[in-house]
Amino acid sequence: VQLQASGGGLVQAGGSLRLSCAASGRTFSRYTMGWFRQAPGKEREFVAAINWNAGMTYYADSVKGRFTISRDNAKNTVYLQMNSLKPEDTAVYYCAADTTTLWNPQVPSGQSEYDYWGQGTLVTVSS
């Protein structure tokens, strides 16, 4: 599985961005997908996750109500719509896939649950 994240950039506080993560392969629809981020000088942290059929989503408290994760299984793509961005959202954002538990009804938030990672896309929010 190869994951390609895109959509990052520079935005002013209060603005919006939509990140995309395109996956290779024919079994994308079976995977839980997640977004994580790593701010400068900090450890990588969980942002959001969505299960295989979009029946369940889960968000970090810091982004709840501002970010929305979604997926289009026909396009092998997962999205992260980010609204009301804050300077503290500045980070490299990574998408990740959990390919070990297919059709998982749950949405894990631990990094160790995900076995494939994209290369990351930088989001910079100016004040």
# chains A, B, ... in the order shown; residues from 1 in each chain; ligands from 1
>>> residues_around(residues="A:Gln81", least_positions_apart="4", cutoff="8 Å", atoms="only C-alpha atoms", output="list in words")
Ser16, Leu17, Arg18, Leu19, Phe67, Thr68 and Ile69 of chain A
>>> write_last_selection(atoms="all heavy atoms", output="PDB file, in the first residue's frame")
ATOM      1  N   SER A  16      -9.286  27.750   6.023  1.00  0.00           N
ATOM      2  CA  SER A  16      -9.575  26.335   5.817  1.00  0.00           C
ATOM      3  C   SER A  16      -8.604  25.722   4.817  1.00  0.00           C
ATOM      4  O   SER A  16      -8.079  26.403   3.938  1.00  0.00           O
ATOM      5  CB  SER A  16     -11.011  26.155   5.289  1.00  0.00           C
ATOM      6  OG  SER A  16     -11.963  26.628   6.214  1.00  0.00           O
ATOM      7  N   LEU A  17      -8.418  24.426   4.963  1.00  0.00           N
ATOM      8  CA  LEU A  17      -7.666  23.623   4.007  1.00  0.00           C
ATOM      9  C   LEU A  17      -8.305  22.242   3.956  1.00  0.00           C
ATOM     10  O   LEU A  17      -8.883  21.787   4.949  1.00  0.00           O
ATOM     11  CB  LEU A  17      -6.199  23.458   4.416  1.00  0.00           C
ATOM     12  CG  LEU A  17      -5.199  24.581   4.136  1.00  0.00           C
ATOM     13  CD1 LEU A  17      -3.850  24.220   4.736  1.00  0.00           C
ATOM     14  CD2 LEU A  17      -5.084  24.858   2.653  1.00  0.00           C
ATOM     15  N   ARG A  18      -8.152  21.574   2.813  1.00  0.00           N
ATOM     16  CA  ARG A  18      -8.581  20.193   2.717  1.00  0.00           C
ATOM     17  C   ARG A  18      -7.404  19.338   2.294  1.00  0.00           C
ATOM     18  O   ARG A  18      -6.831  19.562   1.218  1.00  0.00           O
ATOM     19  CB  ARG A  18      -9.727  20.001   1.735  1.00  0.00           C
ATOM     20  CG  ARG A  18     -10.310  18.589   1.808  1.00  0.00           C
ATOM     21  CD  ARG A  18     -11.503  18.372   0.913  1.00  0.00           C
ATOM     22  NE  ARG A  18     -11.144  18.108  -0.471  1.00  0.00           N
ATOM     23  CZ  ARG A  18     -11.905  17.432  -1.337  1.00  0.00           C
ATOM     24  NH1 ARG A  18     -13.067  16.956  -0.934  1.00  0.00           N
ATOM     25  NH2 ARG A  18     -11.502  17.271  -2.589  1.00  0.00           N
ATOM     26  N   LEU A  19      -7.054  18.410   3.121  1.00  0.00           N
ATOM     27  CA  LEU A  19      -5.995  17.469   2.804  1.00  0.00           C
ATOM     28  C   LEU A  19      -6.598  16.232   2.139  1.00  0.00           C
ATOM     29  O   LEU A  19      -7.713  15.824   2.459  1.00  0.00           O
ATOM     30  CB  LEU A  19      -5.250  17.047   4.065  1.00  0.00           C
ATOM     31  CG  LEU A  19      -4.660  18.160   4.932  1.00  0.00           C
ATOM     32  CD1 LEU A  19      -3.889  17.561   6.097  1.00  0.00           C
ATOM     33  CD2 LEU A  19      -3.813  19.101   4.116  1.00  0.00           C
ATOM     34  N   PHE A  67     -12.473  19.948  12.423  1.00  0.00           N
ATOM     35  CA  PHE A  67     -11.976  19.077  11.359  1.00  0.00           C
ATOM     36  C   PHE A  67     -13.003  17.991  11.066  1.00  0.00           C
ATOM     37  O   PHE A  67     -13.721  17.531  11.967  1.00  0.00           O
ATOM     38  CB  PHE A  67     -10.674  18.398  11.778  1.00  0.00           C
ATOM     39  CG  PHE A  67      -9.478  19.314  11.881  1.00  0.00           C
ATOM     40  CD1 PHE A  67      -9.585  20.686  11.832  1.00  0.00           C
ATOM     41  CD2 PHE A  67      -8.207  18.769  12.046  1.00  0.00           C
ATOM     42  CE1 PHE A  67      -8.487  21.521  11.935  1.00  0.00           C
ATOM     43  CE2 PHE A  67      -7.086  19.572  12.148  1.00  0.00           C
ATOM     44  CZ  PHE A  67      -7.230  20.956  12.092  1.00  0.00           C
ATOM     45  N   THR A  68     -13.041  17.574   9.803  1.00  0.00           N
ATOM     46  CA  THR A  68     -13.921  16.479   9.401  1.00  0.00           C
ATOM     47  C   THR A  68     -13.152  15.508   8.519  1.00  0.00           C
ATOM     48  O   THR A  68     -12.570  15.921   7.510  1.00  0.00           O
ATOM     49  CB  THR A  68     -15.144  16.999   8.630  1.00  0.00           C
ATOM     50  OG1 THR A  68     -15.859  17.935   9.442  1.00  0.00           O
ATOM     51  CG2 THR A  68     -16.070  15.850   8.262  1.00  0.00           C
ATOM     52  N   ILE A  69     -13.168  14.245   8.897  1.00  0.00           N
ATOM     53  CA  ILE A  69     -12.534  13.214   8.093  1.00  0.00           C
ATOM     54  C   ILE A  69     -13.612  12.520   7.264  1.00  0.00           C
ATOM     55  O   ILE A  69     -14.736  12.298   7.738  1.00  0.00           O
ATOM     56  CB  ILE A  69     -11.768  12.197   8.969  1.00  0.00           C
ATOM     57  CG1 ILE A  69     -10.937  11.249   8.108  1.00  0.00           C
ATOM     58  CG2 ILE A  69     -12.696  11.445   9.900  1.00  0.00           C
ATOM     59  CD1 ILE A  69      -9.978  10.373   8.920  1.00  0.00           C
TER      60      ILE A  69
END
>>> residues_around(residues="A:Gly118", least_positions_apart="5", cutoff="6 Å", atoms="only C-alpha atoms", output="list in words")
Leu3, Gln4, Tyr94 and Cys95 of chain A
>>> residues_around(residues="A:Val63", least_positions_apart="4", cutoff="10 Å", atoms="only C-alpha atoms", output="number ranges by chain")
A: 47-48, 59, 67-68, 82-86, 89
>>> atom_distance(atom1="atom CA of A:Ala23", atom2="atom CA of A:Pro40")
26.3 Å
>>> closest_atom_pairs(of="stretch 42-82 of chain A", to="stretch 96-116 of chain A", cutoff="10 Å", atoms="only C-alpha atoms", output="CSV")
residue,atom,partner,partner_atom,distance
A:Arg44,CA,A:Gln111,CA,8.6
A:Glu45,CA,A:Gln111,CA,8.0
A:Phe46,CA,A:Ser109,CA,6.0
A:Val47,CA,A:Ser109,CA,8.1
A:Ala48,CA,A:Ser109,CA,7.5
A:Ala49,CA,A:Val107,CA,5.8
A:Ile50,CA,A:Val107,CA,6.0
A:Asn51,CA,A:Val107,CA,5.6
A:Trp52,CA,A:Trp103,CA,5.6
A:Asn53,CA,A:Trp103,CA,7.9
A:Ala54,CA,A:Pro105,CA,9.3
A:Gly55,CA,A:Pro105,CA,7.7
A:Met56,CA,A:Val107,CA,6.9
A:Thr57,CA,A:Val107,CA,6.5
A:Tyr58,CA,A:Val107,CA,6.4
A:Tyr59,CA,A:Ser109,CA,8.5
A:Ala60,CA,A:Ser109,CA,8.6
A:Val78,CA,A:Ala96,CA,9.8
>>> atom_distance(atom1="atom CA of A:Lys75", atom2="atom CA of A:Trp35")
17.5 Å
>>> select_by_dssp(residues="stretch 4-127 of chain A", states="helix (DSSP H, G or I)", output="VMD selection string")
chain A and resid 28 to 30 87 to 89 111 to 113
>>> atom_distance(atom1="atom CA of A:Leu10", atom2="atom CA of A:Ala39")
14.4 Å
>>> residues_around(residues="A:Gln12", least_positions_apart="5", cutoff="8 Å", atoms="only C-alpha atoms", output="list in words")
Leu85, Val125, Ser126 and Ser127 of chain A
>>> write_last_selection(atoms="N, CA and C atoms", output="CSV table (one decimal), in the first residue's frame")
chain,number,residue,atom,x,y,z
A,85,LEU,N,-8.9,27.1,11.3
A,85,LEU,CA,-7.5,26.7,11.6
A,85,LEU,C,-6.9,27.7,12.6
A,125,VAL,N,-0.1,27.5,9.7
A,125,VAL,CA,-1.2,28.5,9.9
A,125,VAL,C,-0.5,29.7,10.6
A,126,SER,N,-0.7,30.9,9.9
A,126,SER,CA,-0.1,32.1,10.4
A,126,SER,C,-1.1,32.9,11.2
A,127,SER,N,-0.6,33.6,12.2
A,127,SER,CA,-1.5,34.3,13.1
A,127,SER,C,-1.8,35.7,12.6
>>> residues_around(residues="A:Thr90", least_positions_apart="3", cutoff="6 Å", atoms="only C-alpha atoms", output="PyMOL selection string")
chain A and resi 87+123-125
>>> select_by_dssp(residues="chain A", states="strand (DSSP E)", output="PyMOL selection string")
chain A and resi 3-6+9-12+17-23+32-38+45-50+57-59+67-72+77-82+91-98+116-117+121-126
>>> closest_residue(among="A:Leu122, A:Val92, A:Asn73, A:Asp61", to="A:Gln38", atoms="only C-alpha atoms")
A:Val92
>>> decode(residues="stretch 63-78 of chain A", atoms="all heavy atoms", output="short mmCIF file (atom, residue, chain, number, x, y, z; two decimals), in the first residue's frame")
data_model
loop_
_atom_site.label_atom_id
_atom_site.label_comp_id
_atom_site.auth_asym_id
_atom_site.auth_seq_id
_atom_site.Cartn_x
_atom_site.Cartn_y
_atom_site.Cartn_z
N VAL A 63 -9.26 18.98 17.83
CA VAL A 63 -9.77 19.31 16.49
C VAL A 63 -11.27 19.06 16.36
O VAL A 63 -11.86 19.40 15.33
CB VAL A 63 -9.01 18.53 15.39
CG1 VAL A 63 -7.51 18.74 15.54
CG2 VAL A 63 -9.36 17.06 15.41
N LYS A 64 -11.86 18.49 17.37
CA LYS A 64 -13.28 18.14 17.31
C LYS A 64 -14.12 19.39 17.05
O LYS A 64 -13.93 20.43 17.69
CB LYS A 64 -13.71 17.48 18.61
CG LYS A 64 -14.96 16.65 18.53
CD LYS A 64 -15.18 15.90 19.84
CE LYS A 64 -14.08 14.91 20.12
NZ LYS A 64 -14.32 14.14 21.37
N GLY A 65 -15.03 19.29 16.09
CA GLY A 65 -15.87 20.42 15.74
C GLY A 65 -15.26 21.34 14.69
O GLY A 65 -15.97 22.19 14.13
N ARG A 66 -13.98 21.18 14.41
CA ARG A 66 -13.32 22.01 13.39
C ARG A 66 -12.88 21.18 12.19
O ARG A 66 -12.88 21.67 11.06
CB ARG A 66 -12.10 22.72 13.99
CG ARG A 66 -12.42 23.64 15.14
CD ARG A 66 -11.20 24.45 15.58
NE ARG A 66 -10.11 23.60 16.05
CZ ARG A 66 -8.89 23.57 15.51
NH1 ARG A 66 -8.60 24.34 14.49
NH2 ARG A 66 -7.96 22.78 16.03
N PHE A 67 -12.47 19.95 12.42
CA PHE A 67 -11.98 19.08 11.36
C PHE A 67 -13.00 17.99 11.07
O PHE A 67 -13.72 17.53 11.97
CB PHE A 67 -10.67 18.40 11.78
CG PHE A 67 -9.48 19.31 11.88
CD1 PHE A 67 -9.59 20.69 11.83
CD2 PHE A 67 -8.21 18.77 12.05
CE1 PHE A 67 -8.49 21.52 11.93
CE2 PHE A 67 -7.09 19.57 12.15
CZ PHE A 67 -7.23 20.96 12.09
N THR A 68 -13.04 17.57 9.80
CA THR A 68 -13.92 16.48 9.40
C THR A 68 -13.15 15.51 8.52
O THR A 68 -12.57 15.92 7.51
CB THR A 68 -15.14 17.00 8.63
OG1 THR A 68 -15.86 17.94 9.44
CG2 THR A 68 -16.07 15.85 8.26
N ILE A 69 -13.17 14.24 8.90
CA ILE A 69 -12.53 13.21 8.09
C ILE A 69 -13.61 12.52 7.26
O ILE A 69 -14.74 12.30 7.74
CB ILE A 69 -11.77 12.20 8.97
CG1 ILE A 69 -10.94 11.25 8.11
CG2 ILE A 69 -12.70 11.44 9.90
CD1 ILE A 69 -9.98 10.37 8.92
N SER A 70 -13.27 12.20 6.03
CA SER A 70 -14.21 11.52 5.15
C SER A 70 -13.41 10.65 4.19
O SER A 70 -12.18 10.75 4.12
CB SER A 70 -15.09 12.51 4.38
OG SER A 70 -14.30 13.35 3.56
N ARG A 71 -14.11 9.82 3.45
CA ARG A 71 -13.42 8.96 2.49
C ARG A 71 -14.32 8.69 1.29
O ARG A 71 -15.54 8.73 1.39
CB ARG A 71 -13.01 7.64 3.13
CG ARG A 71 -14.14 6.74 3.54
CD ARG A 71 -13.61 5.57 4.39
NE ARG A 71 -12.69 4.72 3.63
CZ ARG A 71 -11.81 3.90 4.22
NH1 ARG A 71 -11.74 3.84 5.54
NH2 ARG A 71 -11.03 3.14 3.48
N ASP A 72 -13.66 8.43 0.17
CA ASP A 72 -14.34 8.04 -1.05
C ASP A 72 -13.69 6.73 -1.50
O ASP A 72 -12.59 6.75 -2.08
CB ASP A 72 -14.20 9.12 -2.12
CG ASP A 72 -15.01 8.83 -3.38
OD1 ASP A 72 -15.31 7.65 -3.64
OD2 ASP A 72 -15.32 9.78 -4.09
N ASN A 73 -14.31 5.63 -1.21
CA ASN A 73 -13.70 4.34 -1.52
C ASN A 73 -13.60 4.09 -3.02
O ASN A 73 -12.72 3.35 -3.47
CB ASN A 73 -14.49 3.22 -0.84
CG ASN A 73 -14.23 3.16 0.65
OD1 ASN A 73 -13.26 3.73 1.16
ND2 ASN A 73 -15.12 2.49 1.38
N ALA A 74 -14.47 4.72 -3.79
CA ALA A 74 -14.38 4.57 -5.24
C ALA A 74 -13.13 5.24 -5.79
O ALA A 74 -12.62 4.85 -6.85
CB ALA A 74 -15.62 5.15 -5.90
N LYS A 75 -12.63 6.25 -5.08
CA LYS A 75 -11.43 6.98 -5.51
C LYS A 75 -10.20 6.60 -4.68
O LYS A 75 -9.14 7.22 -4.85
CB LYS A 75 -11.67 8.49 -5.42
CG LYS A 75 -12.75 9.00 -6.37
CD LYS A 75 -12.89 10.51 -6.26
CE LYS A 75 -13.95 11.02 -7.24
NZ LYS A 75 -14.10 12.50 -7.15
N ASN A 76 -10.35 5.65 -3.77
CA ASN A 76 -9.22 5.25 -2.91
C ASN A 76 -8.61 6.45 -2.20
O ASN A 76 -7.37 6.58 -2.12
CB ASN A 76 -8.13 4.55 -3.74
CG ASN A 76 -8.42 3.08 -3.97
OD1 ASN A 76 -9.55 2.63 -3.81
ND2 ASN A 76 -7.40 2.32 -4.34
N THR A 77 -9.44 7.33 -1.69
CA THR A 77 -8.95 8.58 -1.12
C THR A 77 -9.65 8.88 0.21
O THR A 77 -10.86 8.67 0.34
CB THR A 77 -9.17 9.75 -2.10
OG1 THR A 77 -8.50 9.46 -3.33
CG2 THR A 77 -8.61 11.04 -1.52
N VAL A 78 -8.85 9.36 1.15
CA VAL A 78 -9.39 9.85 2.41
C VAL A 78 -9.07 11.34 2.50
O VAL A 78 -8.03 11.79 2.01
CB VAL A 78 -8.81 9.06 3.61
CG1 VAL A 78 -7.30 9.22 3.71
CG2 VAL A 78 -9.48 9.49 4.91
#
